[in-house]
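Next comes input04.cif, a file with mmCIF, C-alpha atoms.
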data_coords
loop_
_atom_site.label_atom_id
_atom_site.label_comp_id
_atom_site.auth_asym_id
_atom_site.auth_seq_id
_atom_site.Cartn_x
_atom_site.Cartn_y
_atom_site.Cartn_z
CA MET F 28 -25.57 1.68 -10.17
CA ILE F 29 -22.33 1.23 -8.26
CA VAL F 30 -22.92 -0.58 -4.95
CA CYS F 31 -20.75 -1.12 -1.90
CA ARG F 32 -18.19 -3.91 -2.26
CA GLY F 33 -18.83 -4.92 1.34
CA CYS F 34 -22.52 -4.62 2.14
CA GLY F 35 -24.08 -4.17 -1.30
CA SER F 36 -25.84 -0.91 -0.45
CA GLY F 37 -25.98 2.07 -2.77
CA GLY F 38 -25.05 4.55 -0.05
CA LEU F 39 -21.68 5.56 -1.46
CA THR F 40 -20.20 9.04 -1.41
CA PRO F 41 -16.94 10.19 -3.05
CA VAL F 42 -14.17 11.27 -0.68
CA LEU F 43 -11.12 11.46 -2.98
CA ASP F 44 -11.11 11.87 -6.75
CA LEU F 45 -7.79 11.88 -8.65
CA GLY F 46 -9.43 12.20 -12.04
CA LYS F 47 -7.78 10.21 -14.83
CA VAL F 48 -4.30 8.84 -14.20
CA PRO F 49 -2.10 5.98 -15.50
CA ALA F 50 -2.68 2.39 -14.44
CA ALA F 51 -0.59 1.74 -11.34
CA ASP F 52 0.97 -1.54 -12.44
CA HIS F 53 1.55 -1.02 -16.16
CA PHE F 54 5.17 -0.05 -16.83
CA PRO F 55 5.72 0.55 -20.58
CA ALA F 56 9.04 0.05 -22.33
CA ALA F 57 11.48 2.94 -21.90
CA GLY F 58 11.44 5.25 -24.90
CA SER F 59 7.93 4.30 -25.94
CA PRO F 60 5.63 7.28 -26.56
CA VAL F 61 3.18 8.42 -23.88
CA ASP F 62 -0.25 8.61 -25.50
CA ALA F 63 -3.51 9.94 -24.10
CA SER F 64 -4.96 6.49 -23.45
CA GLU F 65 -2.17 5.75 -20.98
CA THR F 66 -3.37 8.43 -18.58
CA ALA F 67 -7.11 7.89 -19.05
CA HIS F 68 -8.01 5.63 -16.10
CA PRO F 69 -10.41 7.05 -13.46
CA LEU F 70 -9.24 6.73 -9.87
CA ARG F 71 -11.65 7.57 -7.04
CA MET F 72 -12.24 6.51 -3.43
CA ASP F 73 -15.81 6.20 -2.18
CA LEU F 74 -17.04 5.72 1.38
CA CYS F 75 -20.05 3.56 2.17
CA LEU F 76 -22.30 5.46 4.54
CA GLU F 77 -23.94 2.18 5.60
CA CYS F 78 -20.92 0.03 6.60
CA ASP F 79 -18.03 2.60 6.61
CA LEU F 80 -15.94 0.69 4.07
CA ALA F 81 -13.71 3.00 2.01
CA GLN F 82 -13.26 1.50 -1.43
CA LEU F 83 -12.10 1.89 -5.00
CA ALA F 84 -15.05 3.26 -6.97
CA GLU F 85 -14.18 1.53 -10.24
CA ASP F 86 -11.22 -0.03 -12.01
CA ASP F 87 -11.00 -0.19 -15.79
CA THR F 88 -7.37 -1.34 -15.75
CA ARG F 89 -6.09 -4.85 -16.40
CA ALA F 90 -3.82 -6.16 -13.68
CA GLU F 91 -0.36 -7.18 -14.88
CA GLU F 92 2.10 -9.58 -13.33
CA PRO F 93 3.64 -7.81 -10.31
CA ARG F 94 7.20 -6.72 -10.97
CA GLY F 95 8.23 -5.64 -7.48
CA VAL F 96 10.80 -7.06 -5.07
CA GLU F 97 9.75 -7.57 -1.46
CA PRO F 98 11.61 -4.99 0.64
CA GLN F 99 13.42 -5.82 3.85
CA ALA F 100 10.86 -3.78 5.81
CA LEU F 101 8.13 -6.26 4.87
CA ARG F 102 10.26 -9.26 5.81
CA ASP F 103 11.08 -7.68 9.16
CA GLN F 104 7.40 -6.89 9.68
CA ALA F 105 6.38 -10.51 9.05
CA ALA F 106 8.86 -11.79 11.63
CA ALA F 107 7.77 -9.21 14.20
CA ALA F 108 4.08 -9.99 13.63
CA VAL F 109 4.48 -13.75 14.05
CA GLU F 110 6.51 -13.20 17.20
CA ARG F 111 3.80 -10.89 18.57
CA VAL F 112 0.94 -13.35 17.99
CA ALA F 113 2.86 -16.51 18.92
CA GLY F 114 0.90 -16.92 22.15
CA SER F 115 -2.41 -16.85 20.28
CA LEU F 116 -1.57 -19.53 17.70
CA ARG F 117 -3.37 -22.83 17.87
CA GLY F 118 -3.38 -26.15 16.01
CA ARG F 119 -0.77 -27.36 13.55
CA THR F 120 -1.99 -26.43 10.06
CA VAL F 121 -1.69 -23.13 8.18
CA ARG F 122 -3.15 -21.73 4.98
CA GLU F 123 -2.10 -18.43 3.45
CA PHE F 124 -4.06 -16.13 1.13
CA GLY F 125 -1.16 -14.41 -0.57
CA SER F 126 -0.71 -10.87 -1.81
CA PRO F 127 0.15 -10.01 -5.43
CA HIS F 128 3.04 -8.02 -3.98
CA GLY F 129 4.72 -11.21 -2.82
CA GLY F 130 6.08 -12.31 0.52
CA THR F 131 4.92 -15.14 2.76
CA TRP F 132 4.60 -15.93 6.45
CA VAL F 133 4.41 -19.69 5.93
CA PRO F 134 8.12 -20.42 6.60
CA LEU F 135 7.84 -18.52 9.87
CA LEU F 136 4.91 -20.73 10.92
CA ALA F 137 6.65 -23.86 9.61
CA ALA F 138 9.53 -23.07 11.97
CA ARG F 139 6.98 -23.29 14.78
CA GLY F 140 5.74 -26.72 13.73
CA PHE F 141 2.93 -25.82 11.32
CA SER F 142 2.24 -27.63 8.05
CA GLU F 143 0.81 -25.80 5.04
CA VAL F 144 -2.53 -27.07 3.65
CA THR F 145 -4.86 -25.99 0.86
CA GLY F 146 -8.20 -26.68 2.60
CA THR F 147 -9.36 -25.58 6.04
CA ALA F 148 -6.59 -24.74 8.47
CA ASP F 149 -6.10 -23.99 12.14
CA VAL F 150 -4.37 -20.71 11.26
CA VAL F 151 -5.32 -18.71 8.15
CA LEU F 152 -3.06 -15.84 7.06
CA ASP F 153 -3.77 -12.78 4.95
CA CYS F 154 -1.16 -10.04 4.91
CA PHE F 155 -2.20 -7.17 2.59
CA GLY F 156 -3.90 -9.65 0.28
CA ILE F 157 -7.63 -9.20 0.82
CA MET F 158 -7.66 -5.57 -0.35
CA HIS F 159 -7.02 -6.87 -3.87
CA GLU F 160 -10.43 -8.61 -3.99
CA PRO F 161 -13.17 -6.67 -5.86
CA ASP F 162 -15.96 -8.52 -4.00
CA GLN F 163 -15.11 -7.85 -0.39
CA ARG F 164 -18.05 -9.70 1.13
CA ALA F 165 -17.16 -12.86 -0.81
CA ALA F 166 -13.46 -12.51 0.08
CA PHE F 167 -14.16 -12.37 3.81
CA ALA F 168 -16.55 -15.31 3.52
CA GLU F 169 -13.89 -17.35 1.71
CA ARG F 170 -11.31 -16.73 4.43
CA ALA F 171 -13.83 -17.52 7.16
CA ALA F 172 -14.69 -20.81 5.43
CA ALA F 173 -10.97 -21.66 5.26
CA THR F 174 -10.60 -21.22 9.03
CA ALA F 175 -11.22 -24.45 10.91
CA PRO F 176 -13.67 -24.55 13.86
CA GLY F 177 -11.72 -23.21 16.81
CA GLY F 178 -9.14 -21.81 14.41
CA LEU F 179 -7.66 -18.35 14.00
CA LEU F 180 -7.73 -15.91 11.08
CA LEU F 181 -4.85 -13.42 11.07
CA LEU F 182 -5.51 -10.42 8.85
CA GLN F 183 -3.15 -7.47 8.38
CA TYR F 184 -4.10 -4.22 6.66
CA HIS F 185 -2.81 -0.69 6.06
CA SER F 186 -4.96 1.40 8.38
CA LEU F 187 -7.33 3.92 6.81
CA ALA F 188 -6.77 6.04 9.92
CA THR F 189 -3.06 6.17 9.05
CA ILE F 190 -3.84 7.07 5.45
CA VAL F 191 -5.94 10.00 6.65
CA ALA F 192 -3.71 11.18 9.51
CA ALA F 193 -0.51 11.00 7.43
CA GLY F 194 -2.10 12.33 4.25
CA GLN F 195 -1.22 9.13 2.39
CA TRP F 196 -3.65 9.80 -0.45
CA ASN F 197 -1.40 7.88 -2.86
CA ALA F 198 -2.32 4.64 -1.10
CA LEU F 199 -5.33 4.90 -3.42
CA ARG F 200 -4.46 2.92 -6.52
CA HIS F 201 -5.95 0.63 -9.12
CA GLY F 202 -6.20 -2.97 -7.96
CA HIS F 203 -6.57 -2.00 -4.28
CA PHE F 204 -10.31 -2.31 -3.81
CA ALA F 205 -10.70 -1.62 -0.07
CA TYR F 206 -9.17 0.67 2.60
CA TYR F 207 -9.95 -0.57 6.08
CA SER F 208 -10.90 0.74 9.45
CA LEU F 209 -11.26 -1.79 12.26
CA ALA F 210 -14.96 -0.95 12.52
CA ALA F 211 -15.49 -1.77 8.84
CA VAL F 212 -13.54 -5.02 9.13
CA GLN F 213 -15.59 -6.04 12.17
CA ARG F 214 -18.78 -5.65 10.13
CA LEU F 215 -17.37 -7.66 7.22
CA LEU F 216 -16.22 -10.43 9.56
CA ALA F 217 -19.56 -10.47 11.38
CA THR F 218 -21.30 -11.07 8.05
CA ALA F 219 -18.99 -14.07 7.63
CA GLY F 220 -19.76 -15.34 11.15
CA MET F 221 -16.53 -14.24 12.82
CA SER F 222 -15.50 -11.81 15.55
CA VAL F 223 -12.30 -9.88 16.18
CA SER F 224 -10.56 -11.15 19.32
CA GLY F 225 -7.26 -9.27 19.17
CA ALA F 226 -5.52 -6.36 17.48
CA TRP F 227 -1.87 -5.33 17.22
CA GLU F 228 -0.43 -2.16 15.70
CA PHE F 229 2.84 -1.87 13.75
CA ASP F 230 4.80 1.05 12.29
CA LEU F 231 5.02 -0.32 8.73
CA TYR F 232 3.63 2.16 6.14
CA GLY F 233 3.16 4.64 8.98
CA GLY F 234 0.63 2.42 10.71
CA THR F 235 -0.72 -1.06 10.02
CA VAL F 236 -3.04 -3.26 12.06
CA LEU F 237 -2.93 -7.03 12.51
CA LEU F 238 -6.21 -8.61 13.60
CA ALA F 239 -7.03 -12.01 15.05
CA ALA F 240 -10.55 -13.27 14.32
CA GLU F 241 -12.43 -16.37 15.49
CA HIS F 242 -15.70 -18.03 14.60
CA GLY F 243 -18.79 -17.00 16.55
CA ALA F 244 -19.26 -14.25 19.11
CA VAL F 245 -15.97 -13.65 20.90
CA GLU F 246 -15.22 -11.09 23.58
CA PRO F 247 -12.64 -8.66 22.12
CA GLY F 248 -9.47 -7.92 24.01
CA GLU F 249 -8.52 -4.51 25.37
CA THR F 250 -6.32 -3.82 22.37
CA VAL F 251 -9.34 -3.97 20.06
CA ALA F 252 -11.11 -1.19 21.97
CA ALA F 253 -7.93 0.89 21.93
CA VAL F 254 -7.54 0.62 18.15
CA LEU F 255 -11.22 1.42 17.60
CA ALA F 256 -10.95 4.55 19.75
CA ALA F 257 -7.77 5.73 18.03
CA GLU F 258 -9.24 5.22 14.57
CA ALA F 259 -12.55 6.91 15.34
CA ALA F 260 -10.74 10.18 16.02
CA GLN F 261 -9.42 10.20 12.43
CA LEU F 262 -12.24 8.84 10.33
CA ASP F 263 -15.10 11.31 10.11
CA LEU F 264 -16.27 12.21 6.62
CA ALA F 265 -14.70 15.68 6.71
CA ALA F 266 -11.28 14.22 7.57
CA LEU F 267 -11.49 11.78 4.68
CA ARG F 268 -12.40 14.54 2.27
CA ARG F 269 -9.39 16.60 3.36
CA LEU F 270 -7.26 14.06 1.48
CA GLN F 271 -8.29 15.90 -1.69
CA GLN F 272 -6.55 19.08 -0.54
CA VAL F 273 -3.49 17.10 0.57
CA THR F 274 -3.32 15.54 -2.90
CA ASP F 275 -3.29 18.86 -4.69
CA GLU F 276 -0.73 20.38 -2.34
CA HIS F 277 1.51 17.31 -2.53
CA ALA F 278 1.66 17.37 -6.32
CA ARG F 279 2.44 21.12 -6.30
CA ALA F 280 5.16 20.69 -3.65
CA LEU F 281 6.91 17.91 -5.55
CA ARG F 282 6.82 19.88 -8.79
CA ALA F 283 8.18 22.98 -7.06
CA TRP F 284 11.05 21.00 -5.48
CA LEU F 285 12.01 19.39 -8.77
CA GLU F 286 11.94 22.75 -10.56
CA SER F 287 14.05 24.29 -7.79
CA GLN F 288 16.63 21.50 -8.09
CA SER F 289 16.71 21.96 -11.86
CA ALA F 290 17.11 25.73 -11.59
CA GLN F 291 20.19 25.15 -9.42
CA GLY F 292 21.68 22.83 -12.03
CA LEU F 293 21.30 19.76 -9.77
CA ARG F 294 20.69 16.29 -11.17
CA VAL F 295 17.87 14.40 -9.48
CA TYR F 296 17.17 10.67 -9.54
CA ALA F 297 14.53 8.77 -7.58
CA TYR F 298 14.61 5.39 -5.90
CA GLY F 299 11.59 3.08 -5.92
CA ALA F 300 9.41 2.66 -9.01
CA ALA F 301 6.49 2.13 -6.68
CA SER F 302 2.85 1.92 -7.72
CA ARG F 303 2.00 4.67 -5.25
CA ALA F 304 4.34 7.05 -7.11
CA VAL F 305 2.47 6.60 -10.39
CA ALA F 306 -0.47 8.92 -9.75
CA LEU F 307 1.78 11.45 -7.96
CA PHE F 308 4.20 11.72 -10.88
CA SER F 309 1.30 12.08 -13.30
CA LEU F 310 -0.46 14.79 -11.28
CA ALA F 311 2.81 16.66 -10.73
CA GLY F 312 3.69 16.55 -14.43
CA VAL F 313 7.04 14.87 -13.78
CA HIS F 314 9.26 14.37 -16.83
CA ALA F 315 12.84 13.37 -17.59
CA GLY F 316 13.89 17.01 -17.78
CA LEU F 317 13.21 17.27 -14.04
CA LEU F 318 13.81 13.70 -12.87
CA THR F 319 16.53 11.88 -14.81
CA ALA F 320 15.54 8.32 -13.88
CA VAL F 321 14.07 6.11 -11.17
CA ALA F 322 16.22 3.29 -9.82
CA ASP F 323 14.53 0.13 -8.60
CA ALA F 324 15.66 -3.20 -7.15
CA SER F 325 13.38 -5.22 -9.44
CA PRO F 326 15.18 -6.40 -12.62
CA ALA F 327 11.75 -6.84 -14.25
CA LYS F 328 11.26 -3.05 -14.20
CA HIS F 329 14.61 -2.16 -15.74
CA GLY F 330 14.32 -0.94 -19.30
CA ARG F 331 10.82 0.35 -18.65
CA ARG F 332 9.52 3.77 -17.69
CA MET F 333 7.21 5.28 -15.10
CA PRO F 334 3.61 5.16 -16.38
CA GLY F 335 2.41 8.42 -17.89
CA THR F 336 5.92 9.90 -18.03
CA ASP F 337 9.11 9.60 -20.08
CA VAL F 338 11.17 8.91 -16.93
CA PRO F 339 13.10 5.63 -17.37
CA ILE F 340 13.52 2.95 -14.71
CA VAL F 341 17.11 1.82 -14.21
CA ALA F 342 19.13 -0.59 -12.11
CA PRO F 343 20.63 0.61 -8.80
CA ALA F 344 24.10 0.24 -10.32
CA GLU F 345 23.24 2.94 -12.85
CA LEU F 346 22.10 5.21 -10.02
CA LEU F 347 25.44 4.76 -8.25
CA ALA F 348 27.41 5.30 -11.44
CA ALA F 349 25.53 8.54 -12.15
CA GLN F 350 26.37 10.00 -8.72
CA PRO F 351 23.33 12.33 -8.74
CA ASP F 352 23.12 15.38 -6.53
CA SER F 353 19.79 14.33 -5.00
CA VAL F 354 17.85 11.06 -4.71
CA LEU F 355 14.13 11.20 -4.06
CA LEU F 356 12.95 8.18 -2.04
CA THR F 357 9.38 7.38 -3.02
CA LEU F 358 8.81 4.88 -0.15
CA PRO F 359 9.96 6.13 3.28
CA ASP F 360 9.91 2.57 4.70
CA LEU F 361 12.88 1.78 2.47
CA LEU F 362 15.16 4.38 4.10
CA PRO F 363 17.00 2.06 6.55
CA GLU F 364 17.51 -0.51 3.79
CA VAL F 365 18.84 1.89 1.15
CA ARG F 366 21.08 3.71 3.62
CA GLU F 367 22.74 0.42 4.47
CA ARG F 368 22.90 -0.80 0.87
CA PHE F 369 24.13 2.44 -0.70
CA PRO F 370 26.46 4.24 1.75
CA GLU F 371 27.89 6.15 -1.23
CA LEU F 372 24.65 8.17 -1.36
CA ALA F 373 24.78 9.42 2.22
CA GLY F 374 23.59 13.01 2.47
CA ARG F 375 21.76 12.88 -0.88
CA TRP F 376 18.52 11.23 0.17
CA PHE F 377 15.27 13.20 0.16
CA LEU F 378 11.96 11.89 1.46
CA ASP F 379 8.74 12.52 -0.41
CA ASP F 380 6.26 13.79 2.22
CA PRO F 381 2.54 14.08 1.30
CA THR F 382 1.92 16.70 3.99
CA GLY F 383 4.87 19.02 3.45
CA PRO F 384 7.94 19.89 1.40
CA VAL F 385 10.43 17.28 0.24
CA LYS F 386 12.84 16.71 3.11
CA GLY F 387 16.54 15.88 3.13
CA VAL F 388 17.52 13.07 5.50
#
Output the file's structure in the form of structure tokens.
Amino acid sequence: MIVCRGCGSGGLTPVLDLGKVPAADHFPAAGSPVDASETAHPLRMDLCLECDLAQLAEDDTRAEEPRGVEPQALRDQAAAAVERVAGSLRGRTVREFGSPHGGTWVPLLAARGFSEVTGTADVVLDCFGIMHEPDQRAAFAERAAATAPGGLLLLQYHSLATIVAAGQWNALRHGHFAYYSLAAVQRLLATAGMSVSGAWEFDLYGGTVLLAAEHGAVEPGETVAAVLAAEAAQLDLAALRRLQQVTDEHARALRAWLESQSAQGLRVYAYGAASRAVALFSLAGVHAGLLTAVADASPAKHGRRMPGTDVPIVAPAELLAAQPDSVLLTLPDLLPEVRERFPELAGRWFLDDPTGPVKGV
């Protein structure tokens, strides 16, 4: 029997089922055949009715070495977050639980006089890392144990409320084992002997939350109550289950836009061979006849193809040389960065929107 990754109960109910799709982080060589086994991995989100943790139901994929490049939006976010919590920092040692997607806050803390350690630390960091842990209860316990008495745990996550409100169903992917609300995180931290003392919201990914947690029973600040209230309005079971309808409509809308572009004789490329585009491209039946190629900043992805499709991944220079009529941006957070980097493509960018038609920007 499948049990909750957070509390161990069997009270799980499905809220979003994508069926069988490609593994999100397996990018085969360009030109290699797409066989049935490539698109045979179940992908489903369950909700625990006991502790409210939304989670990956199962994962039969094998994680590969991440091939992405940290975008400027994440670097800017890290700097803004450290600046925001500067007044809450204490001590002089820091330990970071990293994310497979890369990036680090340690240099930002080092600039404030902190030294990195591998044992217990005064400040423990986890930015989008803990969701990659299959055993959530153990992961929270490990981070609590790493936080020194009187220390501070800083934990940042992509808000489940944002995922629901913005229809970001494609945040569901293999290797991401938990999708957090503040209420669910509070329960997980309480099991590990910690309490949330502060909460800050950021615009990254449409809405992320940075929490501060301390050992023992701590009175939460006003910001914690505000985040809890805002999330509660989005996170009833019916709202979560509406993601299924958004998924189906999103895949149809993307396919219709690509077919419309093709019918007009327009050449379409995409930018961003992102893991969250994998299931979407598979469900929409995207192929190289509709989408010529996907450009990506990561050299490790060049010469490969999007999982489950014959669409190759190319270097940005090839995108510029091709001068396509339209460029589909798979990650909206990249828009400021790509506009600055590729001024030649002004007027050709289109944003992929889960809740509506593809939009020119």
Sorted by chain and rising residue number, list the residues of region 109-227 of chain F at most 10 Å from region 252-260 of chain F (counting only C-alpha atoms), each with its closest atom pair and distance in Å to one decimal, as JSON lines.
{"residue": "F:Ser186", "atom": "CA", "partner": "F:Glu258", "partner_atom": "CA", "distance": 8.4}
{"residue": "F:Leu187", "atom": "CA", "partner": "F:Glu258", "partner_atom": "CA", "distance": 8.1}
{"residue": "F:Ala188", "atom": "CA", "partner": "F:Glu258", "partner_atom": "CA", "distance": 5.3}
{"residue": "F:Thr189", "atom": "CA", "partner": "F:Glu258", "partner_atom": "CA", "distance": 8.3}
{"residue": "F:Val191", "atom": "CA", "partner": "F:Glu258", "partner_atom": "CA", "distance": 9.8}
{"residue": "F:Ala192", "atom": "CA", "partner": "F:Glu258", "partner_atom": "CA", "distance": 9.6}
{"residue": "F:Ser208", "atom": "CA", "partner": "F:Glu258", "partner_atom": "CA", "distance": 7.0}
{"residue": "F:Leu209", "atom": "CA", "partner": "F:Leu255", "partner_atom": "CA", "distance": 6.2}
{"residue": "F:Ala210", "atom": "CA", "partner": "F:Leu255", "partner_atom": "CA", "distance": 6.7}
{"residue": "F:Gly225", "atom": "CA", "partner": "F:Ala252", "partner_atom": "CA", "distance": 9.4}
{"residue": "F:Ala226", "atom": "CA", "partner": "F:Val254", "partner_atom": "CA", "distance": 7.3}
{"residue": "F:Trp227", "atom": "CA", "partner": "F:Val254", "partner_atom": "CA", "distance": 8.3}
### Message
What's the separation between CA of His68 (chain F) and CA of Ala81 (chain F), in Å to one decimal place?
### Response
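Atom-to-atom, CA of His68 (chain F) and CA of Ala81 (chain F) are spaced 19.2 Å apart.
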### Message
Using the chain letters and numbers from this file, what does the PyMOL selection byres ((chain F and resi 331) around 9) select? Give the answer as a list in words.
### Response
Phe54, Pro55, Ala56, Ala57, Gly58, Ser59, Ala327, Lys328, His329, Gly330, Arg332, Met333, Pro334, Val338, Pro339, Ile340 and Val341 of chain F
### Query
Got a sec to resolve the PyMOL selection byres ((chain F and resi 94-111) around 9) on this structure and send the residues as an MDAnalysis selection string?
chainID F and resid 52 91:93 112:115 128:132 135:136 154 227 229:231 237 300:301 323:328 360:361 363:364
### Message
Starting from the PyMOL selection byres ((chain F and resi 388) around 8), expand the selection into actual residues of this file and give them as a list of chain:residue names.
### Response
F:Gly374, F:Arg375, F:Trp376, F:Phe377, F:Leu378, F:Lys386, F:Gly387
### Task
Skip Thr274 (chain F) itself and residues of its chain fewer than 6 positions away, then list as a list in words all residues within 12 Å of it, counting all atoms listed in the file.
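Contacts, in chain order: Val42, Leu43, Asp44, Leu45, Gly46, Ile190, Val191, Ala193, Gly194, Gln195, Trp196, Asn197, Ala198, Leu199, Leu267, Arg268, Ala280, Leu281, Ala306, Leu307, Phe308, Ser309, Leu310, Ala311, Asp380, Pro381, Thr382 and Gly383 of chain F.
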So that all listed atoms of region 352-367 of chain F fit with 3 Å spare on each side, what axis-aligned box centre and edge lengths in Å, to one decimal, would you give as AutoDock Vina command-line options?
--center_x 16.0 --center_y 7.4 --center_z 0.0 --size_x 20.3 --size_y 21.9 --size_z 19.1
### Task
Measuring atom to atom with all atoms listed in the file, identify which of F:Ala349, F:Ala51, F:Leu181, F:Ala217 is nearest to Arg117 (chain F).
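Counting all atoms listed in the file, the residue closest to Arg117 (chain F) is F:Leu181.
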#### Entry: Residue with smallest distance to Trp284 (chain F) - pool F:Val385, F:Leu356, F:Glu367, F:Glu249, counting all atoms listed in the file
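So, comparing all the options, the nearest one is F:Val385.
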